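K.L.:
Sending over a structure as C-alpha cells; questions will come in a sec.
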Amino acid sequence: MPEELQQTEAVGKGEKLRYIVLTGNESILMREALERRSWWAPAKEGAASWNLWFGGNGQKFDFSKFPGTARARQVVNRLEAHREVCTKSGLAANLQRCRVALRGQPMAWAPETYVLAGRGGDKAALDRFKAAYAAHAEQGRTTWIVKPTSLNRGNGIEVFNDLKSLLAHVDGKPATSSWVVQKYIERPALVDGRKFDIRAYALVTPDCQVYLHREAYVRTSSTPYNLTDLSDKAAHLTNDAVQKKLDSYHQYEDHCKMGMEQLQAALGPGYDLQGRVWPVMREAVAAVFGAALPRMNP
C-alpha cells in the first residue's frame, strides 16, 4: 500500500479511510492487505462515499462521477479506456502500433501477433496471417497459440502446429468472435524444464507518467514443457487457474510462484535478469503505453 495513502487528514481526525473491493482477481489479497491496516475499513454496501474502489474482474466504473483530483482523496484501480492495454485485442492493436512506430526496427520483446475474426471474418487479416504462417513454416517454425479476446484465466486457449487445424478452430466460432493468434515461443527459457512467466505491475498517474514496479513475481508451470504434446495445457499455460487444479501444484514452488531473486538462482549465471531482462521489460512497457496513452484518459 503506498505510504502516501497512510497520511491523510481523515486519519488525523480519527476517521477511517473506506474501501470497496469487488469480487475478482486478487480481491482476497486486497482485502487481507487492507484489513491489516487499522486506518482502513470497508465502506457500507452501496455507499457513495469511499476512498478506494477496486474491481478485479473488469467491472465497469462510472468515471462521470469520479472527481479525479487529489483533493477528493479517492483512488480507483482503473483508467478510462483501460481496454487499450487490459484486453487481448486492445493490447494486440497497440503492439501493431508499436511496430509501425519502430518502422521496421526489431521488437524482440513481443511475439508476432494477429487478430482474426470467427466464421466469415476479416479476409485481409486472415491473408496476412497465412502469409506469416508460411514464412515461419519455411524455417520449420509451425507452432502458434490462439486466444479468445473475451476470456481470461487460460480459458479457451489452444496451441496448434498445423495451419489447417488452426483455421478450422477459428472458422468454427461465431463471426462476432475475435481471436488473438501469436507465434508461439517454441524454445523458451525454462526453470528445471518447466515454463514460467514474469508478472510486473505498472502504475499510470493522472499526468500520464508511467512507473514500473521492480518487485515483479514469477508464475511457474508444475508440468514439464513438452512441445510434442500441445494438448497438455498445464505444460504450456502458467495461469494459476490451470495450475491449481493439479496434484503437482505445490510440488516445486509454493503456489507455483517465486520472486525474481529465486528465478535468477534457478536460471543460473547464464541469464542476467537485472542487467539484460529488466531493461527490456522497461522498454516494452514504455513502448506499449507510448502507443496506448493517446487513446486513454488517465
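We label chains A, B, ... in the order they appear in the C-alpha cells, count residues from 1 in each chain, and number ligands from 1 in the order shown.
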Near Arg119 in chain A, within 7 Å and counting only C-alpha atoms, which residues show up once chain neighbours fewer than 2 positions away are dropped, as number ranges by chain?
P.N.:
A: 117, 121, 170-175
K.L.:
Output N, CA, C and O atoms of each residue in that selection to a file, as a JSON list (two decimals), in the first residue's frame.
P.N.:
[["chain", "number", "residue", "atom", "x", "y", "z"],
["A", 117, "ALA", "N", -11.02, -12.83, -36.96],
["A", 117, "ALA", "CA", -12.43, -12.95, -36.62],
["A", 117, "ALA", "C", -12.88, -14.38, -36.83],
["A", 117, "ALA", "O", -12.21, -15.18, -37.49],
["A", 121, "GLY", "N", -14.94, -13.85, -41.24],
["A", 121, "GLY", "CA", -14.44, -12.58, -40.74],
["A", 121, "GLY", "C", -13.55, -11.83, -41.71],
["A", 121, "GLY", "O", -13.66, -12.00, -42.93],
["A", 170, "VAL", "N", -10.71, -21.53, -35.59],
["A", 170, "VAL", "CA", -11.22, -20.16, -35.63],
["A", 170, "VAL", "C", -12.48, -20.07, -36.48],
["A", 170, "VAL", "O", -13.45, -19.41, -36.11],
["A", 171, "ASP", "N", -12.49, -20.77, -37.61],
["A", 171, "ASP", "CA", -13.63, -20.69, -38.52],
["A", 171, "ASP", "C", -14.88, -21.34, -37.93],
["A", 171, "ASP", "O", -16.00, -21.04, -38.35],
["A", 172, "GLY", "N", -14.68, -22.20, -36.94],
["A", 172, "GLY", "CA", -15.82, -22.84, -36.30],
["A", 172, "GLY", "C", -16.47, -21.99, -35.23],
["A", 172, "GLY", "O", -17.45, -22.42, -34.60],
["A", 173, "LYS", "N", -15.96, -20.78, -35.02],
["A", 173, "LYS", "CA", -16.50, -19.89, -33.99],
["A", 173, "LYS", "C", -17.41, -18.85, -34.63],
["A", 173, "LYS", "O", -17.33, -18.58, -35.83],
["A", 174, "PRO", "N", -18.28, -18.22, -33.85],
["A", 174, "PRO", "CA", -19.19, -17.21, -34.40],
["A", 174, "PRO", "C", -18.45, -16.06, -35.07],
["A", 174, "PRO", "O", -17.34, -15.70, -34.67],
["A", 175, "ALA", "N", -19.08, -15.48, -36.08],
["A", 175, "ALA", "CA", -18.46, -14.38, -36.82],
["A", 175, "ALA", "C", -18.22, -13.17, -35.93],
["A", 175, "ALA", "O", -17.36, -12.34, -36.22]]
K.L.:
Please provide as a ChimeraX atom specification all residues within 9 Å of Thr238 in chain A, with the sequence filter that same-chain residues fewer than 2 positions apart are discarded (counting only C-alpha atoms).
P.N.:
/A:154,195-197,219-222,233-236,240-243,256
K.L.:
Residues as selected, C-alpha atoms, written as a PDB file, in the first residue's frame, can you do that?
P.N.:
ATOM      1  CA  GLY A 154      -6.436 -19.639 -19.625  1.00  0.00           C
ATOM      2  CA  LYS A 195       7.728 -22.875 -18.344  1.00  0.00           C
ATOM      3  CA  PHE A 196       7.397 -19.630 -16.415  1.00  0.00           C
ATOM      4  CA  ASP A 197       6.321 -16.048 -16.960  1.00  0.00           C
ATOM      5  CA  ARG A 219       4.423 -17.827 -12.237  1.00  0.00           C
ATOM      6  CA  THR A 220       5.663 -21.326 -12.988  1.00  0.00           C
ATOM      7  CA  SER A 221       4.196 -24.451 -14.518  1.00  0.00           C
ATOM      8  CA  SER A 222       4.239 -27.619 -12.439  1.00  0.00           C
ATOM      9  CA  LYS A 233      -2.420 -27.102 -21.254  1.00  0.00           C
ATOM     10  CA  ALA A 234      -0.653 -27.448 -17.914  1.00  0.00           C
ATOM     11  CA  ALA A 235       2.683 -27.731 -19.721  1.00  0.00           C
ATOM     12  CA  HIS A 236       2.054 -24.634 -21.844  1.00  0.00           C
ATOM     13  CA  ASP A 240      -2.951 -20.076 -11.794  1.00  0.00           C
ATOM     14  CA  ALA A 241      -6.460 -21.193 -12.726  1.00  0.00           C
ATOM     15  CA  VAL A 242      -4.865 -24.006 -14.759  1.00  0.00           C
ATOM     16  CA  GLN A 243      -2.052 -24.990 -12.397  1.00  0.00           C
ATOM     17  CA  CYS A 256       3.761 -22.151  -8.402  1.00  0.00           C
TER      18      CYS A 256
END
K.L.:
Quick one: of A:Ala110, A:Glu32, A:Gly24, A:Leu91, who's nearest to Glu283 in chain A, counting only C-alpha atoms?
P.N.:
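Closest candidate: A:Ala110.
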K.L.:
Could you name the residues that touch Asn94 in chain A at 12 Å or less, counting only C-alpha atoms, but leaving out those on the same chain fewer than 2 positions away, as a PyMOL selection string?
P.N.:
chain A and resi 83-92+96-101+110+113-115+284-296
K.L.:
Those selected residues, please, written with N, CA and C atoms and delivered as a short mmCIF file (atom, residue, chain, number, x, y, z; two decimals), in the first residue's frame.
P.N.:
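Output file again.cif is given in full below:
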data_model
loop_
_atom_site.label_atom_id
_atom_site.label_comp_id
_atom_site.auth_asym_id
_atom_site.auth_seq_id
_atom_site.Cartn_x
_atom_site.Cartn_y
_atom_site.Cartn_z
N ARG A 83 -9.25 -0.73 -21.67
CA ARG A 83 -9.27 -1.86 -22.60
C ARG A 83 -8.12 -1.79 -23.60
N GLU A 84 -7.55 -0.60 -23.77
CA GLU A 84 -6.43 -0.44 -24.71
C GLU A 84 -5.25 -1.33 -24.33
N VAL A 85 -5.08 -1.60 -23.05
CA VAL A 85 -3.95 -2.44 -22.61
C VAL A 85 -4.38 -3.65 -21.79
N CYS A 86 -5.63 -3.64 -21.33
CA CYS A 86 -6.07 -4.71 -20.41
C CYS A 86 -6.91 -5.78 -21.09
N THR A 87 -7.09 -5.69 -22.39
CA THR A 87 -7.74 -6.77 -23.13
C THR A 87 -6.76 -7.29 -24.18
N LYS A 88 -6.94 -8.52 -24.57
CA LYS A 88 -6.01 -9.11 -25.53
C LYS A 88 -6.09 -8.41 -26.88
N SER A 89 -7.30 -8.06 -27.33
CA SER A 89 -7.43 -7.39 -28.62
C SER A 89 -6.88 -5.98 -28.58
N GLY A 90 -7.14 -5.27 -27.47
CA GLY A 90 -6.61 -3.91 -27.33
C GLY A 90 -5.09 -3.90 -27.30
N LEU A 91 -4.51 -4.84 -26.55
CA LEU A 91 -3.06 -4.92 -26.47
C LEU A 91 -2.46 -5.29 -27.83
N ALA A 92 -3.13 -6.21 -28.53
CA ALA A 92 -2.64 -6.60 -29.85
C ALA A 92 -2.63 -5.41 -30.81
N GLN A 96 0.72 -3.60 -32.60
CA GLN A 96 0.86 -3.28 -34.01
C GLN A 96 1.26 -1.82 -34.20
N ARG A 97 0.70 -0.94 -33.39
CA ARG A 97 1.08 0.47 -33.46
C ARG A 97 2.55 0.66 -33.09
N CYS A 98 3.03 -0.14 -32.13
CA CYS A 98 4.44 -0.09 -31.77
C CYS A 98 5.31 -0.47 -32.95
N ARG A 99 4.91 -1.52 -33.66
CA ARG A 99 5.69 -1.97 -34.81
C ARG A 99 5.73 -0.89 -35.89
N VAL A 100 4.61 -0.24 -36.11
CA VAL A 100 4.56 0.83 -37.11
C VAL A 100 5.47 1.98 -36.70
N ALA A 101 5.43 2.34 -35.41
CA ALA A 101 6.25 3.45 -34.92
C ALA A 101 7.74 3.15 -35.04
N ALA A 110 8.19 -8.80 -28.12
CA ALA A 110 6.78 -9.15 -28.37
C ALA A 110 6.68 -10.15 -29.50
N THR A 113 1.95 -11.02 -33.81
CA THR A 113 0.57 -11.09 -33.34
C THR A 113 -0.42 -10.68 -34.42
N TYR A 114 -1.54 -11.44 -34.50
CA TYR A 114 -2.62 -11.14 -35.43
C TYR A 114 -3.94 -11.29 -34.70
N VAL A 115 -4.95 -10.56 -35.14
CA VAL A 115 -6.30 -10.70 -34.59
C VAL A 115 -7.21 -11.17 -35.72
N ALA A 284 9.58 -2.46 -23.15
CA ALA A 284 8.27 -2.95 -23.58
C ALA A 284 7.15 -2.12 -22.99
N VAL A 285 7.22 -1.84 -21.69
CA VAL A 285 6.18 -1.05 -21.02
C VAL A 285 6.12 0.36 -21.61
N ALA A 286 7.30 0.97 -21.82
CA ALA A 286 7.34 2.32 -22.38
C ALA A 286 6.74 2.36 -23.78
N ALA A 287 7.04 1.36 -24.60
CA ALA A 287 6.54 1.34 -25.97
C ALA A 287 5.03 1.14 -26.01
N VAL A 288 4.53 0.20 -25.21
CA VAL A 288 3.09 -0.08 -25.23
C VAL A 288 2.29 1.11 -24.74
N PHE A 289 2.72 1.72 -23.62
CA PHE A 289 1.96 2.87 -23.12
C PHE A 289 2.18 4.09 -24.00
N GLY A 290 3.32 4.17 -24.66
CA GLY A 290 3.51 5.26 -25.61
C GLY A 290 2.50 5.18 -26.74
N ALA A 291 2.14 3.98 -27.14
CA ALA A 291 1.14 3.79 -28.19
C ALA A 291 -0.27 3.92 -27.66
N ALA A 292 -0.51 3.50 -26.40
CA ALA A 292 -1.87 3.41 -25.88
C ALA A 292 -2.36 4.69 -25.22
N LEU A 293 -1.51 5.42 -24.54
CA LEU A 293 -1.96 6.56 -23.75
C LEU A 293 -2.71 7.64 -24.55
N PRO A 294 -2.34 7.90 -25.81
CA PRO A 294 -3.14 8.88 -26.55
C PRO A 294 -4.61 8.48 -26.70
N ARG A 295 -4.91 7.19 -26.51
CA ARG A 295 -6.30 6.71 -26.63
C ARG A 295 -6.94 6.50 -25.27
N MET A 296 -6.22 6.83 -24.23
CA MET A 296 -6.74 6.67 -22.88
C MET A 296 -6.85 8.04 -22.21
#
K.L.:
Name the residues of range 137-273 of chain A that fall into strand (DSSP E) according to DSSP on the backbone, using the chain letters and numbers of this document, as a compact mmCIF listing (two decimals) with all heavy atoms, in the first residue's frame.
P.N.:
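Writing done, so here's states15.txt:
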# COMPACT_ATOMS: atom_id res chain seq x y z
N TRP A 144 1.77 -22.10 -33.19
CA TRP A 144 1.12 -20.82 -32.88
C TRP A 144 0.13 -21.03 -31.74
O TRP A 144 -0.42 -22.12 -31.57
CB TRP A 144 0.39 -20.28 -34.11
CG TRP A 144 1.30 -19.88 -35.23
CD1 TRP A 144 2.02 -20.72 -36.04
CD2 TRP A 144 1.59 -18.56 -35.66
NE1 TRP A 144 2.75 -20.00 -36.95
CE2 TRP A 144 2.51 -18.67 -36.74
CE3 TRP A 144 1.19 -17.29 -35.26
CZ2 TRP A 144 3.01 -17.55 -37.41
CZ3 TRP A 144 1.68 -16.18 -35.92
CH2 TRP A 144 2.59 -16.30 -36.98
N ILE A 145 -0.12 -19.98 -30.97
CA ILE A 145 -1.06 -20.04 -29.86
C ILE A 145 -2.26 -19.14 -30.18
O ILE A 145 -2.09 -18.04 -30.72
CB ILE A 145 -0.39 -19.63 -28.53
CG1 ILE A 145 -1.34 -19.89 -27.34
CG2 ILE A 145 0.11 -18.18 -28.55
CD1 ILE A 145 -0.65 -19.82 -25.99
N VAL A 146 -3.46 -19.64 -29.90
CA VAL A 146 -4.71 -18.95 -30.24
C VAL A 146 -5.47 -18.67 -28.95
O VAL A 146 -5.72 -19.57 -28.15
CB VAL A 146 -5.57 -19.79 -31.20
CG1 VAL A 146 -6.86 -19.05 -31.55
CG2 VAL A 146 -4.78 -20.14 -32.45
N LYS A 147 -5.86 -17.38 -28.76
CA LYS A 147 -6.51 -16.97 -27.52
C LYS A 147 -7.80 -16.20 -27.82
O LYS A 147 -7.78 -15.29 -28.64
CB LYS A 147 -5.58 -16.05 -26.71
CG LYS A 147 -4.17 -16.58 -26.51
CD LYS A 147 -3.27 -15.52 -25.88
CE LYS A 147 -1.84 -15.98 -25.77
NZ LYS A 147 -0.96 -14.95 -25.18
N PRO A 148 -8.90 -16.55 -27.17
CA PRO A 148 -10.11 -15.74 -27.33
C PRO A 148 -9.91 -14.38 -26.68
O PRO A 148 -9.32 -14.28 -25.59
CB PRO A 148 -11.19 -16.56 -26.61
CG PRO A 148 -10.43 -17.38 -25.61
CD PRO A 148 -9.09 -17.67 -26.23
N GLU A 158 -5.74 -22.38 -27.08
CA GLU A 158 -5.30 -23.61 -27.73
C GLU A 158 -3.96 -23.35 -28.43
O GLU A 158 -3.67 -22.22 -28.85
CB GLU A 158 -6.31 -24.09 -28.76
CG GLU A 158 -7.71 -24.39 -28.21
CD GLU A 158 -7.76 -25.64 -27.35
OE1 GLU A 158 -6.80 -26.45 -27.40
OE2 GLU A 158 -8.77 -25.82 -26.64
N VAL A 159 -3.15 -24.40 -28.56
CA VAL A 159 -1.87 -24.31 -29.26
C VAL A 159 -1.92 -25.27 -30.45
O VAL A 159 -2.33 -26.42 -30.30
CB VAL A 159 -0.69 -24.66 -28.33
CG1 VAL A 159 0.63 -24.45 -29.05
CG2 VAL A 159 -0.74 -23.83 -27.05
N PHE A 160 -1.49 -24.78 -31.62
CA PHE A 160 -1.56 -25.58 -32.85
C PHE A 160 -0.19 -25.60 -33.54
O PHE A 160 0.58 -24.65 -33.43
CB PHE A 160 -2.58 -24.98 -33.82
CG PHE A 160 -3.99 -24.98 -33.32
CD1 PHE A 160 -4.50 -23.87 -32.66
CD2 PHE A 160 -4.81 -26.08 -33.50
CE1 PHE A 160 -5.80 -23.86 -32.19
CE2 PHE A 160 -6.12 -26.09 -33.04
CZ PHE A 160 -6.62 -24.98 -32.37
N SER A 178 -13.64 -12.81 -31.81
CA SER A 178 -12.32 -12.45 -32.31
C SER A 178 -11.27 -13.22 -31.53
O SER A 178 -11.46 -13.55 -30.34
CB SER A 178 -12.08 -10.95 -32.23
OG SER A 178 -12.19 -10.49 -30.90
N TRP A 179 -10.13 -13.47 -32.19
CA TRP A 179 -9.11 -14.36 -31.64
C TRP A 179 -7.73 -13.77 -31.87
O TRP A 179 -7.39 -13.38 -32.99
CB TRP A 179 -9.22 -15.74 -32.30
CG TRP A 179 -10.58 -16.32 -32.11
CD1 TRP A 179 -11.72 -16.01 -32.81
CD2 TRP A 179 -10.97 -17.25 -31.10
NE1 TRP A 179 -12.79 -16.71 -32.31
CE2 TRP A 179 -12.36 -17.48 -31.25
CE3 TRP A 179 -10.28 -17.92 -30.09
CZ2 TRP A 179 -13.07 -18.33 -30.43
CZ3 TRP A 179 -10.97 -18.79 -29.28
CH2 TRP A 179 -12.35 -18.99 -29.44
N VAL A 180 -6.95 -13.71 -30.83
CA VAL A 180 -5.56 -13.28 -30.95
C VAL A 180 -4.72 -14.51 -31.28
O VAL A 180 -4.77 -15.52 -30.57
CB VAL A 180 -5.06 -12.63 -29.64
CG1 VAL A 180 -3.55 -12.44 -29.69
CG2 VAL A 180 -5.74 -11.28 -29.43
N VAL A 181 -3.98 -14.43 -32.37
CA VAL A 181 -3.13 -15.53 -32.82
C VAL A 181 -1.68 -15.03 -32.77
O VAL A 181 -1.34 -14.05 -33.43
CB VAL A 181 -3.50 -15.98 -34.24
CG1 VAL A 181 -2.62 -17.16 -34.67
CG2 VAL A 181 -4.98 -16.36 -34.31
N GLN A 182 -0.84 -15.71 -32.00
CA GLN A 182 0.54 -15.29 -31.82
C GLN A 182 1.51 -16.42 -32.13
O GLN A 182 1.23 -17.59 -31.87
CB GLN A 182 0.77 -14.81 -30.38
CG GLN A 182 0.03 -13.53 -30.04
CD GLN A 182 0.31 -13.09 -28.61
OE1 GLN A 182 0.08 -13.83 -27.67
NE2 GLN A 182 0.81 -11.87 -28.46
N LYS A 183 2.66 -16.02 -32.66
CA LYS A 183 3.72 -17.01 -32.86
C LYS A 183 4.17 -17.53 -31.51
O LYS A 183 4.53 -16.76 -30.63
CB LYS A 183 4.90 -16.38 -33.61
CG LYS A 183 6.00 -17.39 -33.93
CD LYS A 183 5.52 -18.40 -34.94
CE LYS A 183 6.48 -19.59 -35.04
NZ LYS A 183 6.40 -20.49 -33.85
N PHE A 196 7.70 -20.66 -17.41
CA PHE A 196 7.40 -19.63 -16.42
C PHE A 196 7.09 -18.33 -17.15
O PHE A 196 7.39 -18.16 -18.32
CB PHE A 196 8.58 -19.42 -15.46
CG PHE A 196 9.80 -18.82 -16.09
CD1 PHE A 196 9.97 -17.44 -16.13
CD2 PHE A 196 10.77 -19.63 -16.66
CE1 PHE A 196 11.09 -16.87 -16.72
CE2 PHE A 196 11.90 -19.07 -17.26
CZ PHE A 196 12.06 -17.69 -17.28
N ASP A 197 6.45 -17.41 -16.45
CA ASP A 197 6.32 -16.05 -16.96
C ASP A 197 6.57 -15.07 -15.82
O ASP A 197 6.56 -15.45 -14.65
CB ASP A 197 4.96 -15.80 -17.64
CG ASP A 197 3.78 -15.83 -16.68
OD1 ASP A 197 3.94 -15.47 -15.50
OD2 ASP A 197 2.68 -16.20 -17.11
N ILE A 198 6.84 -13.83 -16.18
CA ILE A 198 7.10 -12.78 -15.20
C ILE A 198 5.95 -11.79 -15.24
O ILE A 198 5.59 -11.29 -16.31
CB ILE A 198 8.42 -12.04 -15.51
CG1 ILE A 198 9.60 -13.02 -15.46
CG2 ILE A 198 8.64 -10.89 -14.52
CD1 ILE A 198 10.92 -12.40 -15.89
N ARG A 199 5.38 -11.52 -14.08
CA ARG A 199 4.30 -10.54 -13.97
C ARG A 199 4.81 -9.31 -13.23
O ARG A 199 5.22 -9.40 -12.08
CB ARG A 199 3.10 -11.13 -13.24
CG ARG A 199 2.27 -12.05 -14.11
CD ARG A 199 0.82 -12.04 -13.69
NE ARG A 199 -0.06 -12.41 -14.78
CZ ARG A 199 -1.38 -12.39 -14.71
NH1 ARG A 199 -1.97 -11.99 -13.60
NH2 ARG A 199 -2.12 -12.72 -15.74
N ALA A 202 2.61 -2.00 -13.55
CA ALA A 202 2.88 -0.64 -13.99
C ALA A 202 1.82 0.29 -13.40
O ALA A 202 0.64 -0.07 -13.30
CB ALA A 202 2.85 -0.54 -15.51
N LEU A 203 2.26 1.46 -12.97
CA LEU A 203 1.35 2.47 -12.42
C LEU A 203 1.32 3.66 -13.38
O LEU A 203 2.37 4.18 -13.76
CB LEU A 203 1.84 2.92 -11.04
CG LEU A 203 1.10 4.12 -10.43
CD1 LEU A 203 -0.33 3.74 -10.07
CD2 LEU A 203 1.85 4.64 -9.21
N VAL A 204 0.12 4.08 -13.76
CA VAL A 204 -0.05 5.24 -14.62
C VAL A 204 -0.70 6.35 -13.80
O VAL A 204 -1.77 6.16 -13.22
CB VAL A 204 -0.93 4.93 -15.85
CG1 VAL A 204 -1.04 6.14 -16.76
CG2 VAL A 204 -0.36 3.74 -16.61
N VAL A 210 4.41 6.95 -16.26
CA VAL A 210 4.29 5.50 -16.12
C VAL A 210 5.47 4.99 -15.29
O VAL A 210 6.62 5.30 -15.59
CB VAL A 210 4.27 4.81 -17.50
CG1 VAL A 210 4.13 3.29 -17.33
CG2 VAL A 210 3.13 5.35 -18.35
N TYR A 211 5.15 4.23 -14.25
CA TYR A 211 6.16 3.67 -13.36
C TYR A 211 6.05 2.15 -13.37
O TYR A 211 4.95 1.60 -13.31
CB TYR A 211 5.98 4.19 -11.93
CG TYR A 211 6.15 5.68 -11.80
CD1 TYR A 211 5.07 6.54 -12.00
CD2 TYR A 211 7.39 6.24 -11.50
CE1 TYR A 211 5.22 7.92 -11.90
CE2 TYR A 211 7.55 7.61 -11.38
CZ TYR A 211 6.46 8.44 -11.59
OH TYR A 211 6.61 9.80 -11.49
N LEU A 212 7.19 1.48 -13.44
CA LEU A 212 7.23 0.02 -13.43
C LEU A 212 7.78 -0.45 -12.09
O LEU A 212 8.88 -0.08 -11.69
CB LEU A 212 8.12 -0.49 -14.56
CG LEU A 212 8.23 -2.00 -14.73
CD1 LEU A 212 6.85 -2.62 -14.99
CD2 LEU A 212 9.18 -2.35 -15.86
N TYR A 217 6.80 -10.67 -9.89
CA TYR A 217 6.77 -12.05 -9.42
C TYR A 217 6.67 -13.00 -10.61
O TYR A 217 6.35 -12.60 -11.72
CB TYR A 217 5.65 -12.29 -8.41
CG TYR A 217 4.24 -12.32 -8.96
CD1 TYR A 217 3.64 -13.53 -9.32
CD2 TYR A 217 3.49 -11.16 -9.08
CE1 TYR A 217 2.35 -13.57 -9.81
CE2 TYR A 217 2.19 -11.19 -9.57
CZ TYR A 217 1.62 -12.39 -9.93
OH TYR A 217 0.34 -12.43 -10.40
N VAL A 218 6.97 -14.25 -10.35
CA VAL A 218 7.10 -15.25 -11.41
C VAL A 218 6.06 -16.34 -11.20
O VAL A 218 5.90 -16.86 -10.09
CB VAL A 218 8.52 -15.87 -11.41
CG1 VAL A 218 8.65 -16.90 -12.52
CG2 VAL A 218 9.57 -14.77 -11.55
N ARG A 219 5.35 -16.69 -12.27
CA ARG A 219 4.42 -17.83 -12.24
C ARG A 219 5.08 -19.00 -12.98
O ARG A 219 5.61 -18.81 -14.07
CB ARG A 219 3.09 -17.48 -12.91
CG ARG A 219 2.39 -16.27 -12.33
CD ARG A 219 1.01 -16.10 -12.94
NE ARG A 219 1.04 -16.02 -14.40
CZ ARG A 219 -0.05 -15.88 -15.16
NH1 ARG A 219 -1.24 -15.83 -14.60
NH2 ARG A 219 0.05 -15.80 -16.48
N THR A 220 5.03 -20.16 -12.38
CA THR A 220 5.66 -21.33 -12.99
C THR A 220 4.63 -22.40 -13.31
O THR A 220 3.55 -22.45 -12.72
CB THR A 220 6.71 -21.94 -12.06
OG1 THR A 220 6.06 -22.40 -10.86
CG2 THR A 220 7.79 -20.93 -11.69
N LYS A 257 4.73 -20.09 -7.53
CA LYS A 257 5.18 -18.71 -7.57
C LYS A 257 6.59 -18.62 -7.02
O LYS A 257 6.99 -19.39 -6.15
CB LYS A 257 4.28 -17.80 -6.73
CG LYS A 257 2.79 -17.88 -7.04
CD LYS A 257 2.46 -17.32 -8.40
CE LYS A 257 0.96 -17.25 -8.59
NZ LYS A 257 0.28 -18.55 -8.47
N MET A 258 7.35 -17.65 -7.53
CA MET A 258 8.67 -17.35 -6.99
C MET A 258 8.99 -15.88 -7.25
O MET A 258 8.34 -15.22 -8.07
CB MET A 258 9.75 -18.24 -7.60
CG MET A 258 9.92 -18.11 -9.10
SD MET A 258 11.43 -18.92 -9.75
CE MET A 258 11.21 -20.60 -9.25
N GLY A 259 9.97 -15.36 -6.51
CA GLY A 259 10.42 -13.99 -6.72
C GLY A 259 11.51 -13.94 -7.77
O GLY A 259 12.02 -14.96 -8.23
K.L.:
Between A:Leu102, A:Asp162, A:Gly55, A:Pro188, which one has atoms that come closest to Tyr225 in chain A, using only C-alpha atoms?
P.N.:
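Checking each of A:Leu102, A:Asp162, A:Gly55, A:Pro188 against Tyr225 in chain A, counting only C-alpha atoms, the winner is A:Pro188.
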